[in-house]
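Contents: one structure, followed by commentary.
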Amino acid sequence: MLLSHRNLVANAKHALLAIRHTPDERYLHAGPMFHLADGSQTYAVTWIGGVHVFVPGFDADLVGRTIERERVSLILIVPSMINMLVNHAGTADRDLSSLRLLLYGASPMPDQLQQAAMKLLPCEFSQLYGMTEAAPLLTQCTPEDHRRGAAGEQPFAGRLRSAGAPVIGVQVEIHREDGTRAAPGEVGEIWARGPNIMVGYLNRPEETAAALDAKGWYHSGDAAWADELGYVYIVDRVKDMIISGGENVYSAEVENVLYTHPDVLEAAVIGVPDDSWGERVHAVVVPRPGAEPAVEDLVAHCRARLGGFKVPRSVDFRADALPKSGAGKILKRELRAPYWAGKDRGVN
């Protein structure tokens, strides 16, 4: 992937405007620096004259101790890391009062986890959405959205399910398959345009042409809808969408419901081959320590909250944590692989 100096400088400016860094910022690099979400803060924090604090890798106990010892003011982590931090026994006993803002992104945060984190951690929250191709920042759900939304104030409460609105300097729109702009509330693909959008993919002209059109729009591959004010509500990666019996099932929606079950620590929903339905909705669940949820209980929990075609038709339990990338994203391709082995393609 080719990111120009212009791309990186533009993104740093966008971040400074959105996050409002100050010279006394103390930023903790808790995610891998090769992942641009963390890497982008390198430029912004350095530009403003802030302090960089490092840990060798994410560990909930180490991160908590480092925030306390180094008086960290800002951190950016993904929901799976927040889950580990919130569920670590020592977090509640630490002095984390220096932390002014927790940034999160990279994947949707289940409502239950969001509420638990905002209750436990003494700081403001802001969700960022973007991707490496955008260097990476596109949208922000602001601290005000979180603060007033958590108090139940409308329209802020509804915005907590969103990835926020476009940051200053970037255009973000939802487009249909034919390229026309989708109406508010209509699901389509996220397109983005701005000085932060990549030059292209190195030595991959066909992929570059597919991702960047002649008008400078980047086609993200993320399925979402937007409200009348431009707040973006991501429903899934297009490739993670499950088509079961001709119906579209967005895995993130089902996962969000599974996370509200008290016995679920981690959950991922994937499509697996099914002779009758083409694909069926399948859940992979890591129970909380000491919990032994039954498949029937989880299915009933989902059925009470979802349309019938979205309910998992099968569930696997794992004792170990779900597989994750270096950036902390759950690797659904690894979870899918055993089910699709021997198939010509990853859909049925």
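Chain identifiers are assigned as A, B, and so on, following the order in which chains appear in the structure tokens; residues are numbered from 1 within each chain, and ligands are numbered from 1 in order of appearance.
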Within 12 Å of Glu177 in chain A, counting only C-alpha atoms, which residues show up once you throw out same-chain ones fewer than 4 positions away? Write them as a PyMOL selection string, please. chain A and resi 181-182+186-191+219+221+223+238
What does the file look like for those residues with N, CA and C atoms, as an mmCIF file, in the first residue's frame?
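The resulting file, result.cif, is reproduced below:
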data_model
loop_
_atom_site.group_PDB
_atom_site.id
_atom_site.type_symbol
_atom_site.label_atom_id
_atom_site.label_comp_id
_atom_site.auth_asym_id
_atom_site.auth_seq_id
_atom_site.Cartn_x
_atom_site.Cartn_y
_atom_site.Cartn_z
ATOM 1 N N ARG A 181 -25.797 7.615 -4.692
ATOM 2 C CA ARG A 181 -25.764 7.806 -3.244
ATOM 3 C C ARG A 181 -27.018 7.227 -2.599
ATOM 4 N N ALA A 182 -26.825 6.461 -1.542
ATOM 5 C CA ALA A 182 -27.948 5.837 -0.847
ATOM 6 C C ALA A 182 -28.729 6.874 -0.044
ATOM 7 N N GLU A 186 -30.573 3.721 4.324
ATOM 8 C CA GLU A 186 -30.408 2.643 3.344
ATOM 9 C C GLU A 186 -28.992 2.082 3.418
ATOM 10 N N VAL A 187 -28.880 0.766 3.514
ATOM 11 C CA VAL A 187 -27.569 0.120 3.604
ATOM 12 C C VAL A 187 -26.886 0.116 2.241
ATOM 13 N N GLY A 188 -25.625 0.488 2.233
ATOM 14 C CA GLY A 188 -24.802 0.462 1.026
ATOM 15 C C GLY A 188 -23.341 0.330 1.427
ATOM 16 N N GLU A 189 -22.452 0.740 0.543
ATOM 17 C CA GLU A 189 -21.018 0.645 0.813
ATOM 18 C C GLU A 189 -20.464 2.028 1.157
ATOM 19 N N ILE A 190 -19.564 2.066 2.130
ATOM 20 C CA ILE A 190 -18.915 3.321 2.502
ATOM 21 C C ILE A 190 -17.891 3.709 1.444
ATOM 22 N N TRP A 191 -18.040 4.925 0.909
ATOM 23 C CA TRP A 191 -17.049 5.520 0.018
ATOM 24 C C TRP A 191 -16.457 6.731 0.730
ATOM 25 N N HIS A 219 -13.461 2.952 -2.358
ATOM 26 C CA HIS A 219 -14.560 2.034 -2.078
ATOM 27 C C HIS A 219 -14.104 1.084 -0.970
ATOM 28 N N GLY A 221 -15.486 -1.373 1.029
ATOM 29 C CA GLY A 221 -15.878 -2.758 1.293
ATOM 30 C C GLY A 221 -16.646 -2.926 2.591
ATOM 31 N N ALA A 223 -20.098 -2.335 4.734
ATOM 32 C CA ALA A 223 -21.528 -2.090 4.560
ATOM 33 C C ALA A 223 -22.034 -1.240 5.722
ATOM 34 N N VAL A 238 -18.509 -6.185 4.050
ATOM 35 C CA VAL A 238 -19.290 -6.821 2.983
ATOM 36 C C VAL A 238 -18.958 -8.304 2.908
#
Need to verify the contact set: range 227-232 of chain A, 8 Å, only C-alpha atoms, exclusion of same-chain residues closer than 2 positions in sequence. Can you return it as a PyMOL selection string? chain A and resi 139+159+162-166+173+184-185+224-225+234
For Ala319 in chain A, the closest of A:Arg303, A:Arg288, A:Arg71, A:Arg336 counting only C-alpha atoms is A:Arg288
Excluding Gly200 in chain A and its own-chain neighbours fewer than 3 positions away, which residues fall within 6 Å of it when counting only C-alpha atoms? Please give them as a list in words.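 Final neighbour list, sorted by chain and number: Met1, Leu2 and Thr208 of chain A.
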How would the residues just picked look written out with N, CA and C atoms as a PDB file, in the first residue's frame?
ATOM      1  N   MET A   1       0.839  -1.188   0.000  1.00  0.00           N
ATOM      2  CA  MET A   1       0.000   0.000   0.000  1.00  0.00           C
ATOM      3  C   MET A   1       0.875   1.239   0.000  1.00  0.00           C
ATOM      4  N   LEU A   2       0.509   2.219  -0.789  1.00  0.00           N
ATOM      5  CA  LEU A   2       1.297   3.435  -0.923  1.00  0.00           C
ATOM      6  C   LEU A   2       0.582   4.600  -0.247  1.00  0.00           C
ATOM      7  N   THR A 208      -5.896  -1.642  -7.284  1.00  0.00           N
ATOM      8  CA  THR A 208      -5.969  -0.187  -7.121  1.00  0.00           C
ATOM      9  C   THR A 208      -7.138   0.380  -7.913  1.00  0.00           C
TER      10      THR A 208
END
Counting only C-alpha atoms, figure out which residue out of A:Arg193, A:His282, A:Lys239, A:Arg176 gets nearest to Leu138 in chain A.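 Among the listed residues, A:Arg193 lies closest to Leu138 in chain A.
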May I have the residues within 9 Å of Ala321 in chain A as a ChimeraX atom specification, using only C-alpha atoms and disregarding those fewer than 3 positions away in the same chain? /A:266,286,318,324
Grab the residues selected above and save them as a compact mmCIF listing (two decimals), in the first residue's frame with C-alpha atoms.
# COMPACT_ATOMS: atom_id res chain seq x y z
CA GLU A 266 -16.15 -13.41 23.52
CA VAL A 286 -15.80 -18.23 24.64
CA ARG A 318 -13.94 -22.62 22.87
CA LYS A 324 -6.75 -12.30 16.78
For each of A:Met131, A:Met198, A:Ala10, A:Leu265, take the minimum atom-to-atom distance to Met84 in chain A, counting only C-alpha atoms, then give the residue where this is smallest.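 When distances to Met84 in chain A are compared using only C-alpha atoms, the smallest one comes from A:Leu265.
Interatomic distance, CA of Ala15 in chain A against CA of Ile168 in chain A: 9.1 Å.
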Tell me, which residues of range 131-269 of chain A carry DSSP strand (DSSP E), written as a PyMOL selection string? chain A and resi 137-141+165-166+171-175+188-193+218-226+232-237+242-244+247-249+264-269
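Restricting the calculation to only C-alpha atoms, the smallest distance between Leu8 in chain A and any of A:Thr132, A:Thr180, A:Asn196, A:Gln127 is found for A:Asn196.
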